[in-house]
Every structure is written in C-alpha cells, then in structure tokens.
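Enquirer: Here it is: the structure, laid out below.
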Number of protein chains: 2
Amino acid sequence: MSLLVVGSVALDSVETPSAARTDVLGGSASFFSVVSSLLGPGVRLVAVVGEDFPEEHVALFRERGVDLAGLERVAGRTFRWSGRYLPDLVGRETLDTQLNVFETFRPKLPESYTDSSYVFLANIDPGLQLQVLSQIRKPRLVACDTMNFWITGQLEALRRVLRSTDVLFVNDEEVRQLSGRHNLVHAAAAVRELGPRKLVVKRGDAGALLFDEAGIFWAPAFPVETIIDPTGAGDSFAGGFMSYLAHVDDLGPAAFRRAMIYGAAIASFCVEDFSLDRFRSLQRDEVLRRCHAFRDLTRFEEVTL
Amino acid sequence: MSLLVVGSVALDSVETPSAARTDVLGGSASFFSVVSSLLGPGVRLVAVVGEDFPEEHVALFRERGVDLAGLERVAGRTFRWSGRYLPDLVGRETLDTQLNVFETFRPKLPESYTDSSYVFLANIDPGLQLQVLSQIRKPRLVACDTMNFWITGQLEALRRVLRSTDVLFVNDEEVRQLSGRHNLVHAAAAVRELGPRKLVVKRGDAGALLFDEAGIFWAPAFPVETIIDPTGAGDSFAGGFMSYLAHVDDLGPAAFRRAMIYGAAIASFCVEDFSLDRFRSLQRDEVLRRCHAFRDLTRFEEVTL
C-alpha cells in the first residue's frame, strides 16, 4: 500500500567520542524513506532542500525508488543540524539548528500523493503536519512524531494533529511532558486520550514500548556490538514500523507488534554507521535474521511452580 | 534445595519525592531472604545486627521460616543506610552509610549451613564473601553481587570471588567498570572471562539482561503503575532468581531464563511500597500472574515478508 512521509531532508554534522562527520545526509524523511524502500519502491517523499543539496543524495533516493515528486528544491541553503554525542553514545547536545529553506516551506502535495494510505508526519512544525494531512483524502493510518520544542511552543496545533493521529511516536520525556504525568503507564493512558489510540514510546537503548488496546508490548533494543552514531535511529524505527505495516497492510494488534520488532531491527542497524551509510548495503534477509534474533533475545517458557 | 545468603541486614532511611521513612527494615540479605521464603521455608541467613535491631523484624524473618542460625546479634548499632531518590525515582544519592556492627563482622557459618547448594553472596566486602564461600563444602551454584566501591578498592579480592562465581549480578556501569569496555556486549564477554559463566546486568527500569552460553536474554522491567520506593529491587530480583532456581533445582539454560522473569516479577512488586512492606502480603499466585503478564508484554509472532 502507498506510504507517504513528510519531514526533513538535512545535512548533519555529527561528533561522536571517536569520530566526526560534516554535512552528511540526514533528516527524518531521509532515514524514513530510505529505510522504507527496503520493502519496495514508491515511498512518497514530501520535503524541501536548497540549492546546495548534493546531487549524490538525490541519486541515493532515486536508486532506492523513492518517489521524488514531492521533493522541492528551492533557492537557499538546505536545513542543517549539528550535534555532539556524550561518551555513553545515548545523551547528546544539539550544537546548531539552521532551518534555512524549511523556514518558508509550505508543502503542496503532488496530486499523485493525495490518495496515500499510510502517512508518517515526521518531527516538524505541527502546522506543517496539518497542512500535509489536510491534502490527503482518506488515509488508512496516520502516524506522527513530535518533540519537546513543539509541545512547549505549538501545543494547540499539536493537539489538532493528535486528534487525527492513529499512532504517536515520542520518547519517555515527551510522553511525560505531554501528559503532565510522571508514571509511564499513567502518562501513556493520558496521551492516548488526546487522539492516538496507539502510542510508541521510544526509550533509546532500553527499547520501545507500544501502548494500545491490546495492552503493553516491549520491544527491546538489540544489543549491538558496534555503535557508531545513533542519529536517525528513531526515524529509522518509525520507517521500519510504518513500511512493515504498509507492506503487510494489516492493522490487527499482532501486526503492530511485529512492526515494533521490524522497526527495532532496522533501528539497530542504523546506529552501526554514520548517517544513512549502513542502509546503503543492508539487505532484507539481514533484517529478517535480526528479527529472528529478537526472538532469541526475548523467548522464555512459562513460569510454573 | 538449600539456599544461603550472606549480606546486610540494615535499618534504612529513605526519602522519595513524595514521602520519607526512617530506620525501616532494609539490607540486601533482608530483601533476599524474605523474597526467597515465598517459595518455602529454610532460607539460610548469614548476617549481623546490633542490640538496637527491632525484635519485630526478627519476628518477620521467623514467620517466613527464614533459618536464623546464622544471624548474629552483637553489641553495637545495626548497619544503617540512608538515601534520597531523584524525581525520576531511578537516580539516587546516598546520604549516609554507617557500617557499625558490620565493621568487625567475621562470618562463622553454623555447621548446618555448610552443605548449602545454592549460595548468594550479596553486595558486601569481597573479603567477607570469600570467608563465607570457603566454609561451604560443595555448592551447586554460587552467585554474587558487587558494586563500584569494591571494584575500585578491593579488586584483587573481588577477582578471587569471581573465579568461584557462576552468576554475577551487576548494573551496567559496574560491568563497564569491571571490564574497561564501554559496549555492553563486549563488556559482558570480558567479565565472563573473569569467572562467572553467567552474567546478569541489572538496568533498573530498562530491565535486566542475562549473558550466558545460550546467548543474550532480555527481561524487561514490568511497567508498574505505582512506584513508591525502588530500594531493594536489585536484591529482590536476585532473591527471586536464586530461589526460583533452588526451587526447581534445574541449571539448564531455559530455567535461567524463567528465573530472570520470576526475578523481574518479584522486583516489580518490591518498588510498590517502602522497605519490604509489599512482601508482607504478597502471595505466590500474584507473582505467577505477573510472570504471565511478562509473557503478554513480550509476545510477538514471527516476522515474515
């Protein structure tokens, strides 16, 4: 089924304790669309880049069969983010954010995108998320991501987005901020009252939790042996999750749990290299093998006495 | 099968963001032995208390059928710990530690304890752990816990303990400190080379990981709705883990995974009240129900494409 993402396509500069990269391909929509293309071509990308955006990155999207009808190229500089990771490779500080061409972006969807079934509104201004959503006729599943910045500064617009959202992706701080509750179970219940009947709480190296009508499901983070750069892991998770659902086109509770594992597997590859580099060579069967490894990681027999 | 624990019996003073308790029953061996008694009487307790130790706490141990032949009462004050939890109820600072009667404790096991099969050396001076271990004739399974303080100050004695240890319980900072490796998978492999063929890494509200010859197993932390006081959760986990193994008397890899879940279930009850209070009323069937809830929390079908 058709899958659309709106989000950032960026040039990232990343420092980790052991290395650094400048102006590499980044942005939520980049990770999401490249990851999603592993299950087939045609992922619809809505984003904007500047005149300085390297042609080689466009070529990567094109190779993967990403639908670029919604990728605008305008005068000005591409969105830039730079950050530095702490020695634990979990915490990070943002050094600089330059919205650049994103400052004036008003997404106008190509007519061919308006029948999209699966929609992911990546972490951007809720106003933009609403603009995109209003142009899609009858989405089957709407998922969105957000962050503390919008919860603080654009709460009313964000609440409107949430009322039309089926699946919300946030981290544990954000779910607490959004609900005003500290306990995760209570916070999740309160956020689900705002609209999204399914809530995915991303907890970094502790994994991710799905709260929905079937209860709570915990997908661990795969214990990877090589962690180079965690940038994009959350968007890769969402990309895996959404593309899996769009691929199987099944919205039953068991499919959502499998989507969590597929997303967690994808995210575990993301951190193994800088930027989107690990996804350049990643094959479907590697992802499936890691999904099976998740089974080994979590399998236990019933406890009796 | 017989189960022995050596560790602290303490009077704790605990501050949480919402309440405080002074001089309540605490200590690793208290949590361990009371938790273990849920699966039957006869848990052998090796510890020391002072003249000020309230008789009501001894009565609790006795009610639970804890074997008190190894509980010494000597002149002086009982071991005391006080701490304050941060608002997240995960981080904490130790405000005061008074070794008191523990300062001169030289454990001499009752003859009836020397045939113990399952042994837990709780987090105390590795020198004391060695003294206890040397008095047990032929243990079937030796587990131990330790902390940064001993890794820094008593590394040689600790290494001797580890050479005789089958299962080591540590948190993620400690496994990194002990191995000098940051990546958890590499750190775990290095620590397993020091002796313990099984390593349990306790990660608080992220759960606990078992590294052994069967691979890696991740037991999540149960998403509890009421978190009052996390003190003792790690010792309760170990108590559940070890008492389950001693109860089923099975050292196969599947039993260790079930022991992880049983331990995680027990730990999830510990945090629901101050001190050992939740364990005063806890019944076996409640624990089994929570073990089943862990199944719901982690169950997923195979991912195929």
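Ligands are numbered from 1 in the order shown, residues from 1 within each chain, and chains are lettered A, B, ... in the order they appear in the structure tokens.
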I'd like the contact shell of Leu276 (chain B) - 7 Å cut-off, only C-alpha atoms, skipping same-chain residues fewer than 6 positions apart - returned as a list in words.
Expert: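 Contacts, in chain order: Leu25, Phe31 and Cys270 of chain B.
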Enquirer: Output as CSV one row per residue of chain B within 6 Å of chain A: the closest atom pair and its distance in Å to one decimal place, counting only C-alpha atoms, sorted by chain and residue number ascending.
Expert:
residue,atom,partner,partner_atom,distance
B:Val185,CA,A:Glu225,CA,5.8
B:Ala206,CA,A:Ala206,CA,5.1
B:Ile216,CA,A:Leu297,CA,5.6
B:Phe217,CA,A:Leu297,CA,4.6
B:Trp218,CA,A:Thr298,CA,5.7
B:Glu225,CA,A:Val185,CA,5.8
B:Arg257,CA,A:Phe300,CA,5.9
B:Arg258,CA,A:Val303,CA,5.8
B:Leu297,CA,A:Phe217,CA,4.6
B:Thr298,CA,A:Trp218,CA,5.7
B:Phe300,CA,A:Arg257,CA,5.9
B:Val303,CA,A:Arg258,CA,5.8
Enquirer: Which parts of region 207-289 of chain B does DSSP call helix (DSSP H, G or I) when run on the backbone here, written out as a PyMOL selection string?
Expert: chain B and resi 233-248+253-270+277-281+284-289
Enquirer: Output C-alpha atoms for every residue in the selection just made, as a tab-separated table (two decimals), in the first residue's frame.
Expert:
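Now in again-v9.tsv:
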chain	number	residue	atom	x	y	z
B	233	ALA	CA	14.64	-4.02	43.89
B	234	GLY	CA	18.00	-5.46	42.79
B	235	ASP	CA	18.27	-7.75	45.83
B	236	SER	CA	14.65	-8.77	45.37
B	237	PHE	CA	15.44	-9.62	41.75
B	238	ALA	CA	18.37	-11.77	42.90
B	239	GLY	CA	16.21	-13.36	45.60
B	240	GLY	CA	13.53	-14.25	43.10
B	241	PHE	CA	16.09	-15.52	40.59
B	242	MET	CA	18.02	-17.70	43.05
B	243	SER	CA	15.02	-19.02	44.98
B	244	TYR	CA	13.34	-20.00	41.72
B	245	LEU	CA	16.43	-21.93	40.61
B	246	ALA	CA	16.80	-23.59	44.03
B	247	HIS	CA	13.10	-24.47	43.98
B	248	VAL	CA	13.12	-26.11	40.54
B	253	PRO	CA	19.53	-22.52	30.10
B	254	ALA	CA	15.71	-22.43	29.88
B	255	ALA	CA	15.45	-22.47	33.68
B	256	PHE	CA	17.78	-19.46	33.91
B	257	ARG	CA	15.52	-17.52	31.54
B	258	ARG	CA	12.48	-18.39	33.64
B	259	ALA	CA	14.46	-17.35	36.72
B	260	MET	CA	15.07	-13.94	35.09
B	261	ILE	CA	11.33	-13.46	34.58
B	262	TYR	CA	10.50	-14.67	38.08
B	263	GLY	CA	13.13	-12.28	39.48
B	264	ALA	CA	11.84	-9.38	37.38
B	265	ALA	CA	8.30	-10.08	38.59
B	266	ILE	CA	9.43	-10.08	42.22
B	267	ALA	CA	11.41	-6.85	41.72
B	268	SER	CA	8.36	-5.19	40.18
B	269	PHE	CA	6.45	-5.79	43.42
B	270	CYS	CA	9.32	-4.53	45.58
B	277	ASP	CA	6.28	-3.85	53.01
B	278	ARG	CA	4.90	-5.16	49.71
B	279	PHE	CA	6.29	-8.61	50.51
B	280	ARG	CA	4.35	-8.83	53.78
B	281	SER	CA	1.16	-9.58	51.86
B	284	ARG	CA	2.72	-16.85	45.11
B	285	ASP	CA	-0.25	-16.66	42.76
B	286	GLU	CA	0.18	-12.88	42.40
B	287	VAL	CA	3.78	-13.48	41.34
B	288	LEU	CA	2.73	-16.15	38.85
B	289	ARG	CA	0.09	-13.83	37.40
Enquirer: Onto chain A, please fit chain B by least squares using all C-alpha atoms in order, then return the transformed chain as a JSON list (two decimals) with C-alpha atoms, in the first residue's frame.
Expert:
[["chain", "number", "residue", "atom", "x", "y", "z"],
["B", 1, "MET", "CA", 0.02, 0.00, -0.02],
["B", 2, "SER", "CA", 1.12, 3.59, -0.60],
["B", 3, "LEU", "CA", 3.27, 5.20, 2.07],
["B", 4, "LEU", "CA", 3.97, 8.93, 2.43],
["B", 5, "VAL", "CA", 6.41, 10.76, 4.68],
["B", 6, "VAL", "CA", 6.76, 14.47, 5.32],
["B", 7, "GLY", "CA", 9.79, 15.58, 7.26],
["B", 8, "SER", "CA", 13.26, 17.00, 7.00],
["B", 9, "VAL", "CA", 15.96, 16.24, 4.49],
["B", 10, "ALA", "CA", 19.06, 17.67, 6.08],
["B", 11, "LEU", "CA", 22.79, 17.99, 6.11],
["B", 12, "ASP", "CA", 24.04, 16.82, 9.51],
["B", 13, "SER", "CA", 27.32, 17.45, 11.26],
["B", 14, "VAL", "CA", 27.88, 14.87, 13.95],
["B", 15, "GLU", "CA", 30.59, 14.44, 16.57],
["B", 16, "THR", "CA", 30.94, 11.21, 18.50],
["B", 17, "PRO", "CA", 33.64, 10.39, 21.07],
["B", 18, "SER", "CA", 35.68, 8.63, 18.36],
["B", 19, "ALA", "CA", 34.98, 10.46, 15.09],
["B", 20, "ALA", "CA", 33.15, 13.28, 13.34],
["B", 21, "ARG", "CA", 31.34, 13.86, 10.07],
["B", 22, "THR", "CA", 30.41, 17.16, 8.42],
["B", 23, "ASP", "CA", 27.42, 17.85, 6.17],
["B", 24, "VAL", "CA", 26.41, 14.23, 5.75],
["B", 25, "LEU", "CA", 22.93, 13.19, 4.62],
["B", 26, "GLY", "CA", 20.46, 13.35, 7.49],
["B", 27, "GLY", "CA", 16.91, 14.38, 8.35],
["B", 28, "SER", "CA", 13.90, 12.39, 9.47],
["B", 29, "ALA", "CA", 12.42, 11.98, 6.00],
["B", 30, "SER", "CA", 15.75, 10.79, 4.56],
["B", 31, "PHE", "CA", 16.10, 7.99, 7.10],
["B", 32, "PHE", "CA", 12.41, 7.14, 6.87],
["B", 33, "SER", "CA", 12.22, 6.95, 3.08],
["B", 34, "VAL", "CA", 15.47, 5.06, 2.50],
["B", 35, "VAL", "CA", 14.61, 2.54, 5.23],
["B", 36, "SER", "CA", 11.09, 2.11, 3.85],
["B", 37, "SER", "CA", 12.38, 1.51, 0.34],
["B", 38, "LEU", "CA", 13.85, -1.79, 1.57],
["B", 39, "LEU", "CA", 10.33, -3.21, 1.28],
["B", 40, "GLY", "CA", 9.75, -1.80, -2.18],
["B", 41, "PRO", "CA", 9.89, 1.32, -4.31],
["B", 42, "GLY", "CA", 7.37, 4.16, -4.38],
["B", 43, "VAL", "CA", 7.72, 5.73, -0.93],
["B", 44, "ARG", "CA", 6.37, 9.26, -1.34],
["B", 45, "LEU", "CA", 8.69, 11.92, 0.01],
["B", 46, "VAL", "CA", 7.50, 15.41, 0.95],
["B", 47, "ALA", "CA", 10.40, 17.70, 1.84],
["B", 48, "VAL", "CA", 12.41, 20.68, 0.71],
["B", 49, "VAL", "CA", 16.13, 21.12, 0.01],
["B", 50, "GLY", "CA", 18.25, 24.09, -1.04],
["B", 51, "GLU", "CA", 20.46, 24.71, -4.02],
["B", 52, "ASP", "CA", 23.45, 23.32, -2.10],
["B", 53, "PHE", "CA", 21.93, 19.84, -1.65],
["B", 54, "PRO", "CA", 24.37, 17.36, -3.23],
["B", 55, "GLU", "CA", 23.10, 15.52, -6.28],
["B", 56, "GLU", "CA", 24.58, 12.25, -4.95],
["B", 57, "HIS", "CA", 21.98, 12.22, -2.15],
["B", 58, "VAL", "CA", 19.17, 12.70, -4.66],
["B", 59, "ALA", "CA", 20.72, 9.84, -6.61],
["B", 60, "LEU", "CA", 20.55, 7.62, -3.50],
["B", 61, "PHE", "CA", 16.84, 8.34, -3.11],
["B", 62, "ARG", "CA", 16.30, 7.67, -6.81],
["B", 63, "GLU", "CA", 18.23, 4.37, -6.74],
["B", 64, "ARG", "CA", 16.01, 3.25, -3.90],
["B", 65, "GLY", "CA", 12.93, 4.06, -5.93],
["B", 66, "VAL", "CA", 11.81, 6.84, -3.57],
["B", 67, "ASP", "CA", 9.06, 8.87, -5.25],
["B", 68, "LEU", "CA", 10.58, 12.36, -5.52],
["B", 69, "ALA", "CA", 7.57, 14.19, -6.98],
["B", 70, "GLY", "CA", 7.12, 15.87, -3.58],
["B", 71, "LEU", "CA", 10.76, 16.85, -3.03],
["B", 72, "GLU", "CA", 11.05, 20.58, -3.68],
["B", 73, "ARG", "CA", 14.36, 22.21, -4.46],
["B", 74, "VAL", "CA", 14.31, 25.96, -3.79],
["B", 75, "ALA", "CA", 16.71, 28.88, -3.57],
["B", 76, "GLY", "CA", 18.71, 28.97, -0.35],
["B", 77, "ARG", "CA", 20.55, 26.55, 1.89],
["B", 78, "THR", "CA", 19.42, 23.10, 2.99],
["B", 79, "PHE", "CA", 18.25, 22.50, 6.60],
["B", 80, "ARG", "CA", 21.26, 21.82, 8.81],
["B", 81, "TRP", "CA", 21.64, 20.17, 12.20],
["B", 82, "SER", "CA", 24.78, 19.61, 14.19],
["B", 83, "GLY", "CA", 25.21, 17.76, 17.42],
["B", 84, "ARG", "CA", 27.69, 16.10, 19.72],
["B", 85, "TYR", "CA", 27.20, 12.77, 21.48],
["B", 86, "LEU", "CA", 28.24, 12.18, 25.06],
["B", 87, "PRO", "CA", 30.65, 9.32, 25.84],
["B", 88, "ASP", "CA", 27.72, 6.97, 26.57],
["B", 89, "LEU", "CA", 26.55, 7.42, 22.95],
["B", 90, "VAL", "CA", 23.02, 7.95, 24.28],
["B", 91, "GLY", "CA", 22.93, 11.54, 25.51],
["B", 92, "ARG", "CA", 23.64, 14.30, 23.02],
["B", 93, "GLU", "CA", 23.67, 18.04, 22.77],
["B", 94, "THR", "CA", 22.47, 19.98, 19.76],
["B", 95, "LEU", "CA", 25.18, 22.44, 18.73],
["B", 96, "ASP", "CA", 23.28, 24.20, 15.97],
["B", 97, "THR", "CA", 20.01, 24.06, 14.07],
["B", 98, "GLN", "CA", 19.54, 26.09, 10.86],
["B", 99, "LEU", "CA", 16.04, 25.83, 9.43],
["B", 100, "ASN", "CA", 17.14, 27.58, 6.20],
["B", 101, "VAL", "CA", 14.76, 26.56, 3.38],
["B", 102, "PHE", "CA", 12.45, 24.90, 5.92],
["B", 103, "GLU", "CA", 11.62, 28.32, 7.33],
["B", 104, "THR", "CA", 9.33, 29.19, 4.42],
["B", 105, "PHE", "CA", 8.32, 25.66, 3.41],
["B", 106, "ARG", "CA", 4.60, 25.32, 2.65],
["B", 107, "PRO", "CA", 4.13, 21.75, 1.45],
["B", 108, "LYS", "CA", 1.88, 21.40, -1.60],
["B", 109, "LEU", "CA", 1.33, 17.74, -2.34],
["B", 110, "PRO", "CA", 1.51, 16.44, -5.91],
["B", 111, "GLU", "CA", -1.94, 15.23, -7.00],
["B", 112, "SER", "CA", -0.50, 11.69, -7.19],
["B", 113, "TYR", "CA", 0.20, 11.76, -3.43],
["B", 114, "THR", "CA", -3.29, 12.66, -2.27],
["B", 115, "ASP", "CA", -4.57, 9.07, -2.22],
["B", 116, "SER", "CA", -1.81, 7.92, 0.20],
["B", 117, "SER", "CA", -2.91, 5.18, 2.60],
["B", 118, "TYR", "CA", -0.13, 5.19, 5.17],
["B", 119, "VAL", "CA", 1.13, 8.58, 6.31],
["B", 120, "PHE", "CA", 4.04, 9.50, 8.56],
["B", 121, "LEU", "CA", 4.26, 13.07, 9.80],
["B", 122, "ALA", "CA", 7.86, 13.24, 10.99],
["B", 123, "ASN", "CA", 9.01, 15.63, 13.68],
["B", 124, "ILE", "CA", 8.35, 19.07, 12.14],
["B", 125, "ASP", "CA", 6.19, 22.09, 12.95],
["B", 126, "PRO", "CA", 2.68, 20.77, 13.74],
["B", 127, "GLY", "CA", 1.33, 23.49, 11.43],
["B", 128, "LEU", "CA", 3.14, 21.82, 8.51],
["B", 129, "GLN", "CA", 1.94, 18.40, 9.66],
["B", 130, "LEU", "CA", -1.64, 19.72, 9.51],
["B", 131, "GLN", "CA", -1.12, 21.23, 6.04],
["B", 132, "VAL", "CA", 0.05, 17.87, 4.71],
["B", 133, "LEU", "CA", -2.69, 15.92, 6.43],
["B", 134, "SER", "CA", -5.40, 18.20, 5.03],
["B", 135, "GLN", "CA", -4.30, 17.36, 1.48],
["B", 136, "ILE", "CA", -4.63, 13.59, 1.88],
["B", 137, "ARG", "CA", -8.09, 12.35, 1.07],
["B", 138, "LYS", "CA", -8.62, 9.21, 3.10],
["B", 139, "PRO", "CA", -5.55, 7.90, 4.89],
["B", 140, "ARG", "CA", -5.79, 4.41, 6.34],
["B", 141, "LEU", "CA", -3.22, 5.04, 9.07],
["B", 142, "VAL", "CA", -1.71, 8.33, 10.24],
["B", 143, "ALA", "CA", 1.38, 8.29, 12.44],
["B", 144, "CYS", "CA", 3.28, 11.25, 13.76],
["B", 145, "ASP", "CA", 6.39, 12.14, 15.69],
["B", 146, "THR", "CA", 6.99, 15.30, 17.70],
["B", 147, "MET", "CA", 9.35, 16.77, 20.29],
["B", 148, "ASN", "CA", 9.57, 18.93, 23.40],
["B", 149, "PHE", "CA", 10.05, 22.09, 21.27],
["B", 150, "TRP", "CA", 6.57, 21.75, 19.72],
["B", 151, "ILE", "CA", 4.95, 20.55, 22.94],
["B", 152, "THR", "CA", 6.12, 23.77, 24.55],
["B", 153, "GLY", "CA", 5.66, 26.19, 21.67],
["B", 154, "GLN", "CA", 2.85, 24.84, 19.46],
["B", 155, "LEU", "CA", 0.64, 22.88, 21.80],
["B", 156, "GLU", "CA", -2.67, 23.90, 20.21],
["B", 157, "ALA", "CA", -1.60, 22.94, 16.67],
["B", 158, "LEU", "CA", -0.06, 19.75, 18.03],
["B", 159, "ARG", "CA", -3.32, 18.83, 19.78],
["B", 160, "ARG", "CA", -5.12, 19.22, 16.46],
["B", 161, "VAL", "CA", -2.60, 16.90, 14.81],
["B", 162, "LEU", "CA", -3.02, 14.37, 17.61],
["B", 163, "ARG", "CA", -6.79, 14.28, 17.16],
["B", 164, "SER", "CA", -6.19, 12.94, 13.62],
["B", 165, "THR", "CA", -3.31, 10.66, 14.58],
["B", 166, "ASP", "CA", -3.58, 6.89, 14.96],
["B", 167, "VAL", "CA", -0.01, 6.24, 16.11],
["B", 168, "LEU", "CA", 2.17, 8.70, 18.02],
["B", 169, "PHE", "CA", 5.94, 8.20, 18.35],
["B", 170, "VAL", "CA", 7.58, 10.04, 21.26],
["B", 171, "ASN", "CA", 10.33, 9.44, 23.80],
["B", 172, "ASP", "CA", 9.68, 8.98, 27.51],
["B", 173, "GLU", "CA", 10.40, 12.60, 28.42],
["B", 174, "GLU", "CA", 7.96, 13.79, 25.77],
["B", 175, "VAL", "CA", 5.15, 11.48, 26.85],
["B", 176, "ARG", "CA", 5.60, 12.81, 30.39],
["B", 177, "GLN", "CA", 5.65, 16.41, 29.21],
["B", 178, "LEU", "CA", 2.60, 15.95, 27.01],
["B", 179, "SER", "CA", 0.58, 14.27, 29.77],
["B", 180, "GLY", "CA", 1.89, 16.05, 32.84],
["B", 181, "ARG", "CA", 2.16, 12.60, 34.45],
["B", 182, "HIS", "CA", 5.38, 11.01, 35.58],
["B", 183, "ASN", "CA", 4.46, 7.33, 35.74],
["B", 184, "LEU", "CA", 4.82, 5.92, 32.24],
["B", 185, "VAL", "CA", 1.67, 3.80, 32.36],
["B", 186, "HIS", "CA", -0.45, 6.75, 33.50],
["B", 187, "ALA", "CA", 1.28, 9.14, 31.10],
["B", 188, "ALA", "CA", 0.62, 6.78, 28.19],
["B", 189, "ALA", "CA", -3.05, 6.44, 29.10],
["B", 190, "ALA", "CA", -3.44, 10.22, 29.27],
["B", 191, "VAL", "CA", -1.75, 10.79, 25.91],
["B", 192, "ARG", "CA", -3.90, 8.12, 24.25],
["B", 193, "GLU", "CA", -6.92, 10.19, 25.36],
["B", 194, "LEU", "CA", -5.64, 13.04, 23.18],
["B", 195, "GLY", "CA", -6.30, 11.08, 20.00],
["B", 196, "PRO", "CA", -3.69, 8.47, 19.11],
["B", 197, "ARG", "CA", -5.09, 5.06, 20.03],
["B", 198, "LYS", "CA", -1.61, 3.65, 19.69],
["B", 199, "LEU", "CA", 1.40, 5.17, 21.38],
["B", 200, "VAL", "CA", 5.00, 4.16, 20.79],
["B", 201, "VAL", "CA", 7.39, 5.34, 23.50],
["B", 202, "LYS", "CA", 10.97, 5.27, 22.24],
["B", 203, "ARG", "CA", 13.45, 4.68, 25.05],
["B", 204, "GLY", "CA", 16.78, 4.56, 23.23],
["B", 205, "ASP", "CA", 18.95, 1.68, 24.38],
["B", 206, "ALA", "CA", 16.13, 0.46, 26.63],
["B", 207, "GLY", "CA", 13.95, -0.32, 23.61],
["B", 208, "ALA", "CA", 10.48, 0.89, 22.72],
["B", 209, "LEU", "CA", 7.03, 0.30, 24.22],
["B", 210, "LEU", "CA", 3.75, 0.09, 22.36],
["B", 211, "PHE", "CA", 0.64, 1.05, 24.33],
["B", 212, "ASP", "CA", -2.57, 0.10, 22.57],
["B", 213, "GLU", "CA", -5.90, -1.67, 23.00],
["B", 214, "ALA", "CA", -4.06, -5.00, 23.25],
["B", 215, "GLY", "CA", -2.09, -3.85, 26.29],
["B", 216, "ILE", "CA", 1.60, -3.03, 26.49],
["B", 217, "PHE", "CA", 4.30, -4.51, 24.29],
["B", 218, "TRP", "CA", 8.01, -4.05, 24.95],
["B", 219, "ALA", "CA", 10.43, -4.35, 22.04],
["B", 220, "PRO", "CA", 13.95, -4.36, 23.46],
["B", 221, "ALA", "CA", 16.81, -2.53, 21.80],
["B", 222, "PHE", "CA", 19.04, -5.08, 20.13],
["B", 223, "PRO", "CA", 22.39, -5.33, 21.98],
["B", 224, "VAL", "CA", 24.59, -4.25, 19.08],
["B", 225, "GLU", "CA", 28.34, -4.71, 19.23],
["B", 226, "THR", "CA", 29.17, -1.64, 17.15],
["B", 227, "ILE", "CA", 27.58, 1.69, 17.94],
["B", 228, "ILE", "CA", 29.02, 4.42, 15.75],
["B", 229, "ASP", "CA", 26.29, 7.07, 15.52],
["B", 230, "PRO", "CA", 22.75, 6.91, 16.95],
["B", 231, "THR", "CA", 21.50, 9.80, 14.77],
["B", 232, "GLY", "CA", 18.37, 8.77, 12.89],
["B", 233, "ALA", "CA", 17.66, 5.65, 14.93],
["B", 234, "GLY", "CA", 14.20, 6.91, 15.94],
["B", 235, "ASP", "CA", 13.24, 7.83, 12.37],
["B", 236, "SER", "CA", 14.62, 4.51, 11.16],
["B", 237, "PHE", "CA", 12.48, 2.76, 13.76],
["B", 238, "ALA", "CA", 9.41, 4.65, 12.50],
["B", 239, "GLY", "CA", 10.37, 3.90, 8.89],
["B", 240, "GLY", "CA", 10.68, 0.20, 9.62],
["B", 241, "PHE", "CA", 7.44, 0.18, 11.63],
["B", 242, "MET", "CA", 5.36, 2.04, 9.04],
["B", 243, "SER", "CA", 6.81, 0.36, 5.94],
["B", 244, "TYR", "CA", 6.22, -3.05, 7.51],
["B", 245, "LEU", "CA", 2.57, -2.19, 8.19],
["B", 246, "ALA", "CA", 2.10, -0.74, 4.70],
["B", 247, "HIS", "CA", 3.75, -3.83, 3.21],
["B", 248, "VAL", "CA", 1.57, -6.37, 5.03],
["B", 249, "ASP", "CA", -1.41, -3.96, 5.00],
["B", 250, "ASP", "CA", -2.69, -5.39, 8.26],
["B", 251, "LEU", "CA", -3.84, -3.23, 11.17],
["B", 252, "GLY", "CA", -4.51, -6.05, 13.63],
["B", 253, "PRO", "CA", -2.78, -5.92, 17.02],
["B", 254, "ALA", "CA", -0.40, -8.78, 16.17],
["B", 255, "ALA", "CA", 0.81, -6.92, 13.08],
["B", 256, "PHE", "CA", 1.62, -3.85, 15.20],
["B", 257, "ARG", "CA", 3.77, -6.00, 17.49],
["B", 258, "ARG", "CA", 5.62, -7.43, 14.51],
["B", 259, "ALA", "CA", 6.03, -3.88, 13.21],
["B", 260, "MET", "CA", 7.67, -2.92, 16.53],
["B", 261, "ILE", "CA", 10.20, -5.73, 16.15],
["B", 262, "TYR", "CA", 10.84, -4.92, 12.50],
["B", 263, "GLY", "CA", 11.34, -1.25, 13.44],
["B", 264, "ALA", "CA", 13.65, -2.16, 16.33],
["B", 265, "ALA", "CA", 15.69, -4.37, 14.00],
["B", 266, "ILE", "CA", 16.02, -1.55, 11.45],
["B", 267, "ALA", "CA", 16.99, 0.94, 14.17],
["B", 268, "SER", "CA", 19.66, -1.44, 15.44],
["B", 269, "PHE", "CA", 21.34, -1.31, 12.02],
["B", 270, "CYS", "CA", 21.09, 2.48, 11.82],
["B", 271, "VAL", "CA", 23.48, 3.02, 14.74],
["B", 272, "GLU", "CA", 26.17, 0.80, 13.21],
["B", 273, "ASP", "CA", 27.48, 3.60, 10.97],
["B", 274, "PHE", "CA", 27.28, 7.34, 10.37],
["B", 275, "SER", "CA", 24.41, 8.97, 8.52],
["B", 276, "LEU", "CA", 22.44, 6.51, 6.36],
["B", 277, "ASP", "CA", 25.59, 4.60, 5.48],
["B", 278, "ARG", "CA", 24.55, 1.25, 6.98],
["B", 279, "PHE", "CA", 21.41, 1.29, 4.84],
["B", 280, "ARG", "CA", 23.39, 1.57, 1.61],
["B", 281, "SER", "CA", 24.28, -2.11, 1.81],
["B", 282, "LEU", "CA", 21.56, -3.50, 4.10],
["B", 283, "GLN", "CA", 19.54, -6.36, 2.64],
["B", 284, "ARG", "CA", 16.09, -7.66, 3.58],
["B", 285, "ASP", "CA", 17.42, -11.02, 4.70],
["B", 286, "GLU", "CA", 19.79, -9.36, 7.18],
["B", 287, "VAL", "CA", 16.82, -7.56, 8.70],
["B", 288, "LEU", "CA", 14.81, -10.78, 8.90],
["B", 289, "ARG", "CA", 17.74, -12.54, 10.57],
["B", 290, "ARG", "CA", 17.88, -9.80, 13.17],
["B", 291, "CYS", "CA", 14.12, -10.05, 13.70],
["B", 292, "HIS", "CA", 14.71, -13.72, 14.46],
["B", 293, "ALA", "CA", 17.51, -12.77, 16.83],
["B", 294, "PHE", "CA", 14.96, -10.63, 18.70],
["B", 295, "ARG", "CA", 13.02, -13.82, 19.21],
["B", 296, "ASP", "CA", 16.04, -15.51, 20.80],
["B", 297, "LEU", "CA", 16.56, -12.40, 22.91],
["B", 298, "THR", "CA", 13.06, -12.46, 24.41],
["B", 299, "ARG", "CA", 11.95, -16.10, 24.34],
["B", 300, "PHE", "CA", 11.13, -17.88, 27.60],
["B", 301, "GLU", "CA", 8.95, -20.74, 28.70],
["B", 302, "GLU", "CA", 6.00, -20.29, 31.00],
["B", 303, "VAL", "CA", 6.94, -19.92, 34.66],
["B", 304, "THR", "CA", 5.25, -22.51, 36.86],
["B", 305, "LEU", "CA", 5.92, -23.59, 40.43]]
Enquirer: Could you find all residues in region 70-305 of chain B that DSSP calls strand (DSSP E or B) from the backbone, and write them as an MDAnalysis selection string?
Expert: chainID B and resid 71:73 80:85 92:98 118:121 141:145 167:171 198:202 208:212 215:219
